[in-house]
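Engineer: What follows is a structure written as structure tokens; I'll ask about it next.
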Amino acid sequence: MTTYKDYIKEIEARKAQGLHPKPIDGAELLSEIITQIKDVDNANREDSLKFFIYNVVPGTTAAATVKAKFLKAIILGESIVKEITPTFGLELLSHMKGGPSVEVLLDLALGNDESIAKQAAEVLKTQVFLYEADTERLEAAYKSGNAIAKELLESYAKAEFFTKLPEVEEEIDIVTYIAGVGDISTDLLSPGGDAHSRSDRELHGQCIFEHNKDMQNELKALKEQHPDKRVMLVAEKGTMGVGSSRMSGVNNVALWTGIQASPYVPFINFAPVIAGTNGISPIFLTTVGVTGGIGIDLKNWKKQVDAAGNAVVDANGDPVLEEVYSVETGTVLTINTKEKKLYKDGEALIDISASLTPQKMEFIKAGGSYAVVFGKKLQTLAAKVLGINMPLVYAPSKEIHVEGQGLTAVEKIFNKNAVGTLTDKALHTGSDVRVEVNIVGSQDTTGLMTSQELEAMAATIISPIVDAGYQSGCHTASVWDDKSKANIPKLMKFMNDFGLITGRDPKGNYHAMTDVIHKVLNDLTVSDWDIIIGGDSHTRMSKGVAFGADSGTVALALATGEASMPIPQSVKVTFKGLMRSYMDFRDVVHATQQQMLKQYGGENVFQGRVIEVHIGTLTSDQAFTFTDWTAEMKAKASICISEDDTLIESLEIARDRIQIMIKKGMDNDNQVLQGLVDKANNRIAEIKSGAKPALRPDANAKYYAEVVIDLDEIAEPMIADPDVNNEDVSKRYTHDTIRPLSYYGGTKQVDLGFVGSCMVHKGDMKILAQMLKNIEAQHGKVEFKAPLVVAPPTYNIVDELKAEGDWEVLQKYSGFEFDDNAPKGAARTKYENMLYLERPGCNLCMGNQEKAEPGDTVMATSTRLFQGRVVKDTGEKKGESLLSSTPVVVLSTILGRTPTMEEYEAAVDGIVLTRFKPSQKQLSTAAV
């Protein structure tokens, strides 16, 4: 059976799902299609032409190479296809976004046929995805006197690929659609359970609104009623896009409401419009910029104040909100991009300048941030080759320097890693900065999209300035099903060939490592001055500063070694008082959020900012518990300020774990991992010698806010509650409802416990083992009244627990233990009342494989309490995911309910949960 016939069969199968033909990315299929096009009598010729013209994935895919070569033959007259003239062939090449298409265009532009060369040059002037091999050809041709090469370089130096684009419309008419009340998780736009389909954009688009057909039909009807307007998706009384960057979420919104990027490339849309009463989650807003979209902070509800100007609160102490203006579904509004205001019926509602900064306007004009990033790079290179000053085309970067003001930790890191700045002075918050990136991480459920983005931007190898790139296998660890078997090996090979260290070896020479990506990146970060970009919102390291990002921004960082963003504001967090012996550091994390909200009258001062946490004395594994949770605090990032000795210990732990990876055979030909070991040793030596102590902010640095956490106030375990039955829908699933254990009175039923995810470390596993021994000693046996699922985050932890005897304890009480030689092929749907030892990885937290039974109340150590993430609702009961410390989770499953304080204290008696005393040393440098 031929490849084409297989494709037709697949098309018929997709028709039954209401889907169009899948875009072609393979060379074999497209070669067969071309053979049928050449045969004028072939029965499949008409369909083959349509597939060739309209249904080939661009960039560096194998199919794109075949398509570009055939178009070259047509343009040169070597092949005659009456439906594709040479002029049309050049137009098709212009939509293929770099790689083989640029190579062909350069062949034609630098060739001997003058007429074709001129036409090809005009197309090349519109292209921005040129890499070193392409620009080196141009430079060589220019130096040898080629007039076309000179013309192209002059065009690039003027950035005509940008300046000749149409200007952004002055007025953009929109119609609102309220997608939900309260914070909207990206799971609503792209559910975790549909992660396997993200690379199939049309198929994945069917899952928007968690497959809610009524909402989808409402959206369709709204578009039909307002064909001349764009639909703006709104999070009413909440923040849009919390939880993750999730490029697939923005892709789905764009697919349903945006504009098709090219008539010859299916299912790639851009220019979505997204809004929230409290704006857009920071990392999700970055993703909106990737697609040339607009994200708006509506501020359409505000806190009521009394005559004295104090906030009015309800019976629960929460601020009472009043509506400033309505954005109910079907409301017609106008975005004025010149005045930078939002209008209704000719009346200005709010200023939206933050949504339409000069840089964001450039993204909108160019159809996304990639084109701007690559355009700036190409313009710089062309001007350098020509030996001219680069004309000012793009909006100049805002560079802010405040004389006499010190630097926060993030300001110091950005200044150290900045490139292309216009001043030698230190830059402060608000400055637009391009920075070099040290570590880049790609996770497996977004990695397929990242590989597609790399192909689309014609990248073939990781930037040499990146210290290390890592591709994880953690989000598909718990269930190795047919979808994973089909997708993940292909992803691992692509990323391994690209130059990343991969959790799975495409050649099968080392044991698959399904470790949680954030844990691996935390170990790969071997300097407190590093910048890390990762394809997940929990890219929050305890060393350096890390930013969670969408799959496209990850691709951009891998390809260029750079990221661009304004230097964020910072909030300083310090601690006072003493931590009780029976408290876990997870309780400190939750109390931080609770006390911050109390100190600032319900305002989340962390949102969109960097939390500079003066943690001082906690090593990286435990400190990561804090930084990891900052994603739920809605912070943009976090930075740990550590004492020198603490940082040295953290770096030594990281170095030793990297050496274990090397021993496993995970290093590549470029010895990337060995390079990190050397870098760690150098940084340790700098600290020990005093040549360069641990990173500290200046004493006179300026912060947006300062929060002091009183450890004396934390008298009992703290639980983040989704508050699923709150009458105010906007207050459900927010991560802001933090309750003490006693709130539940020892009576709330718990149906399932989960110890795992990136929030736990080796210490949690040891606590679990000791608690089981304690309970057996106290009661004569260990009996679970609810299932307890345990997923260690890394294999290193499992190995260390085995060496220290704790794994044997866990085995004794477990009814299931993972087997790497026979991984589960299907997700578990029912649980018995016993302990499950699951494979290292994300497990329940991710929600794309294992889930709790619908309607369950789950007590978990993980990070996500969003509706449907860990547990779905039933018709009778809402599923609940309560988040707490390991001791609370374990005891809840033993009892089948929340424990009382007396039961809790007895269960942890004699166990060292966390030794944490605020640092008594100076964690800042002298004022500048």
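All residue names refer to the structure tokens as shown: chains lettered A, B, ... in order, residues numbered from 1 in each chain, ligands numbered from 1 in order.
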Quick one: residues within 10 Å of Thr380 (chain A), only C-alpha atoms counted, chain neighbours fewer than 4 positions away excluded, as a PyMOL selection string?
Structural biologist: chain A and resi 156-159+374-376+384-385+388-391
Engineer: Export, as a compact mmCIF listing (two decimals), in the first residue's frame, the selected residues with C-alpha atoms.
Structural biologist:
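Generated file (again_10.txt):
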```txt
# COMPACT_ATOMS: atom_id res chain seq x y z
CA TYR A 156 17.93 44.22 5.45
CA ALA A 157 19.89 47.08 6.98
CA LYS A 158 16.80 49.28 6.49
CA ALA A 159 14.61 46.47 7.88
CA PHE A 374 14.90 37.74 14.02
CA GLY A 375 14.38 41.01 12.17
CA LYS A 376 16.51 42.93 14.66
CA LYS A 384 27.74 45.31 10.18
CA VAL A 385 28.57 43.65 6.84
CA ILE A 388 27.23 51.38 8.19
CA ASN A 389 25.40 52.68 11.23
CA MET A 390 22.16 50.80 11.71
CA PRO A 391 19.13 52.99 10.94
```
Engineer: If you run DSSP on the backbone, which residues of region 497-535 of chain A are strand (DSSP E), as a PyMOL selection string?
Structural biologist: chain A and resi 501-502+531-534
Engineer: I need the residue nearest Thr646 (chain A) from this list: A:Gly98, A:Gly879, A:Pro823, A:Pro693. Use only C-alpha atoms for the distance.
Structural biologist: A:Pro693
Engineer: Output as JSON lines one row per residue of region 538-569 of chain A within 9 Å of region 457-474 of chain A: the closest atom pair and its distance in Å to one decimal place, counting only C-alpha atoms, sorted by chain and residue number ascending.
Structural biologist:
```
{"residue": "A:Ala555", "atom": "CA", "partner": "A:Met457", "partner_atom": "CA", "distance": 8.7}
{"residue": "A:Leu556", "atom": "CA", "partner": "A:Met457", "partner_atom": "CA", "distance": 8.4}
{"residue": "A:Ala557", "atom": "CA", "partner": "A:Ser463", "partner_atom": "CA", "distance": 8.1}
{"residue": "A:Leu558", "atom": "CA", "partner": "A:Ile462", "partner_atom": "CA", "distance": 5.3}
{"residue": "A:Ala559", "atom": "CA", "partner": "A:Ser463", "partner_atom": "CA", "distance": 5.2}
{"residue": "A:Thr560", "atom": "CA", "partner": "A:Ser463", "partner_atom": "CA", "distance": 5.4}
{"residue": "A:Gly561", "atom": "CA", "partner": "A:Ser463", "partner_atom": "CA", "distance": 5.3}
{"residue": "A:Glu562", "atom": "CA", "partner": "A:Val466", "partner_atom": "CA", "distance": 8.5}
```
Engineer: Just the residues within 7 Å of region 279-290 of chain A, please, counting only C-alpha atoms, with nothing from its chain fewer than 5 positions along; format it as a list in words.
Structural biologist: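 That gives Thr239, Met240, Gly241, Val242, Ser244, Ser245, Arg246, Met247, Val250, Gly295, Ile296, Asp297, Leu298, Lys360, Phe363, Gly368, Ser369, Tyr370, Gly548, Ala549, Asp550, Gly608, Lys634 and Lys636 of chain A.
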Engineer: Calculate how many Å separate CA of Ala315 (chain A) from CA of Tyr600 (chain A), rounding to one decimal.
Structural biologist: 18.1 Å
Engineer: Applying 6 Å and only C-alpha atoms, which residues near region 181-190 of chain A remain after dropping the ones on its own chain fewer than 2 positions away? List them as a ChimeraX atom specification.
Structural biologist: /A:208-210,235-243,249,730
Engineer: Kindly give the distance, in Å, that separates CA of Ala777 (chain A) and CA of Gly745 (chain A), rounded to a single decimal.
Structural biologist: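 Taking CA of Ala777 (chain A) as the start and CA of Gly745 (chain A) as the end point, the length is 25.3 Å.
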Engineer: Please return, as a PyMOL selection string, all residues of region 440-671 of chain A that DSSP assigns to helix (DSSP H, G or I) on the basis of the backbone.
Structural biologist: chain A and resi 444-456+474-476+482-498+517-524+551-560+585-599+620-629+644-663
Engineer: Between A:Glu880, A:Glu652, A:Asp587, A:Asp424, which has the minimum distance to Ala715 (chain A) (counting only C-alpha atoms)?
Structural biologist: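 Going through A:Glu880, A:Glu652, A:Asp587, A:Asp424 one by one, the smallest distance to Ala715 (chain A) is for A:Asp587.
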Engineer: With a cut-off of 10 Å, could you pull out the residues of region 481-588 of chain A touching region 790-798 of chain A and give me the nearest pair of atoms for each, distance in Å to one decimal, using only C-alpha atoms, ordered by chain and ascending number, as CSV?
Structural biologist:
```
residue,atom,partner,partner_atom,distance
A:Ala512,CA,A:Tyr795,CA,9.7
A:Met513,CA,A:Tyr795,CA,7.0
A:Thr514,CA,A:Thr794,CA,7.2
A:Asp515,CA,A:Thr794,CA,4.3
A:Val516,CA,A:Pro793,CA,5.4
A:Ile517,CA,A:Pro793,CA,8.9
A:His518,CA,A:Pro793,CA,9.4
A:Lys519,CA,A:Pro793,CA,7.3
A:Val520,CA,A:Thr794,CA,8.2
```
Engineer: Counting only C-alpha atoms, which residue out of A:Gly544, A:Asn252, A:Lys412, A:Gly763 sits closest to His211 (chain A)?
Structural biologist: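 Of all the options, A:Asn252 lies closest to His211 (chain A).
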Engineer: May I ask which of the residues A:Leu768, A:Ala308, A:Ile8, A:Val571 is the closest one to Ser48 (chain A), counting only C-alpha atoms?
Structural biologist: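 Answer, going by the shortest atom-to-atom distance: A:Ile8.
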Engineer: Quick one: everything within 12 Å of Ser155 (chain A), counting only C-alpha atoms, minus sequence neighbours fewer than 4 positions away in the same chain. Send it as a list in words.
Structural biologist: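 Near neighbours after the sequence-gap exclusion: Ala121, Glu122, Val123, Leu124, Lys125, Thr126, Gln127, Val128, Ile148, Ala149, Lys150, Glu151, Ala159, Glu160, Phe161, Phe162, Thr163, Lys164, Gly375, Leu378, Gln379, Thr380, Leu381, Ala382, Ala383, Leu386, Met390 and Pro391 of chain A.
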Engineer: Atoms to include: C-alpha atoms. Write the selected residues as an mmCIF file, in the first residue's frame.
Structural biologist:
```cif
data_model
loop_
_atom_site.group_PDB
_atom_site.id
_atom_site.type_symbol
_atom_site.label_atom_id
_atom_site.label_comp_id
_atom_site.auth_asym_id
_atom_site.auth_seq_id
_atom_site.Cartn_x
_atom_site.Cartn_y
_atom_site.Cartn_z
ATOM 1 C CA ALA A 121 15.525 39.033 -4.384
ATOM 2 C CA GLU A 122 12.185 40.810 -4.007
ATOM 3 C CA VAL A 123 10.846 37.782 -2.162
ATOM 4 C CA LEU A 124 13.987 37.527 -0.006
ATOM 5 C CA LYS A 125 13.524 41.134 1.072
ATOM 6 C CA THR A 126 10.362 40.022 2.905
ATOM 7 C CA GLN A 127 12.082 37.182 4.789
ATOM 8 C CA VAL A 128 13.563 37.377 8.289
ATOM 9 C CA ILE A 148 21.900 41.459 -5.791
ATOM 10 C CA ALA A 149 23.669 40.563 -2.552
ATOM 11 C CA LYS A 150 24.425 44.246 -1.977
ATOM 12 C CA GLU A 151 20.805 45.153 -2.702
ATOM 13 C CA ALA A 159 14.608 46.467 7.878
ATOM 14 C CA GLU A 160 12.278 46.739 4.899
ATOM 15 C CA PHE A 161 10.882 43.317 5.826
ATOM 16 C CA PHE A 162 9.289 45.228 8.712
ATOM 17 C CA THR A 163 8.854 48.812 7.508
ATOM 18 C CA LYS A 164 6.926 47.764 4.382
ATOM 19 C CA GLY A 375 14.378 41.011 12.168
ATOM 20 C CA LEU A 378 19.191 40.381 10.638
ATOM 21 C CA GLN A 379 19.237 44.179 10.517
ATOM 22 C CA THR A 380 22.202 44.311 12.893
ATOM 23 C CA LEU A 381 24.155 41.779 10.867
ATOM 24 C CA ALA A 382 23.447 43.478 7.520
ATOM 25 C CA ALA A 383 24.569 46.877 8.815
ATOM 26 C CA LEU A 386 27.942 46.910 4.984
ATOM 27 C CA MET A 390 22.163 50.802 11.707
ATOM 28 C CA PRO A 391 19.129 52.994 10.944
#
```
Engineer: Just the residues within 8 Å of Lys762 (chain A), please, counting only C-alpha atoms, with nothing from its chain fewer than 2 positions along; format it as a PyMOL selection string.
Structural biologist: chain A and resi 760+764-766+792+797+801
Engineer: In Å, rounded to a single decimal, give me how far CA of Gln443 (chain A) is from CA of Arg504 (chain A).
Structural biologist: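 Straight-line distance from CA of Arg504 (chain A) to CA of Gln443 (chain A) works out to 11.9 Å.
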Engineer: Which region 730-828 of chain A residues have any atom within 8 Å of an atom of region 615-629 of chain A, and for each, what is the nearest pair of atoms with distance in Å to one decimal, counting only C-alpha atoms, rows sorted by chain and number, as CSV?
Structural biologist:
```
residue,atom,partner,partner_atom,distance
A:Cys758,CA,A:Asp628,CA,7.4
A:Met759,CA,A:Thr625,CA,5.3
A:Val760,CA,A:Thr625,CA,7.0
A:His761,CA,A:Asp621,CA,6.3
```
Engineer: Quick one: of A:Arg137, A:Lys824, A:Arg580, A:His475, who's nearest to Gly192 (chain A), counting only C-alpha atoms?
Structural biologist: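 For Gly192 (chain A), the nearest of the given residues is A:His475.
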Engineer: Using only C-alpha atoms, which of the listed residues (A:Val871, A:Ile75, A:Ala591, A:Leu448) sits closest to Pro489 (chain A)?
Structural biologist: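 Looking only at the distances to Pro489 (chain A), the closest residue turns out to be A:Leu448.
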Engineer: Near Ser885 (chain A), counting only C-alpha atoms, which residues have an atom at most 9 Å away, once you skip same-chain residues fewer than 2 positions from it, shown as a list in words?
Structural biologist: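 Contacts, in chain order: Asp584, Phe585, Arg586, Asp587, Pro717, Met718, Ile719, Val755, Val760, Asp764, Ala860, Thr861, Leu883, Pro887, Val888, Val889 and Val890 of chain A.
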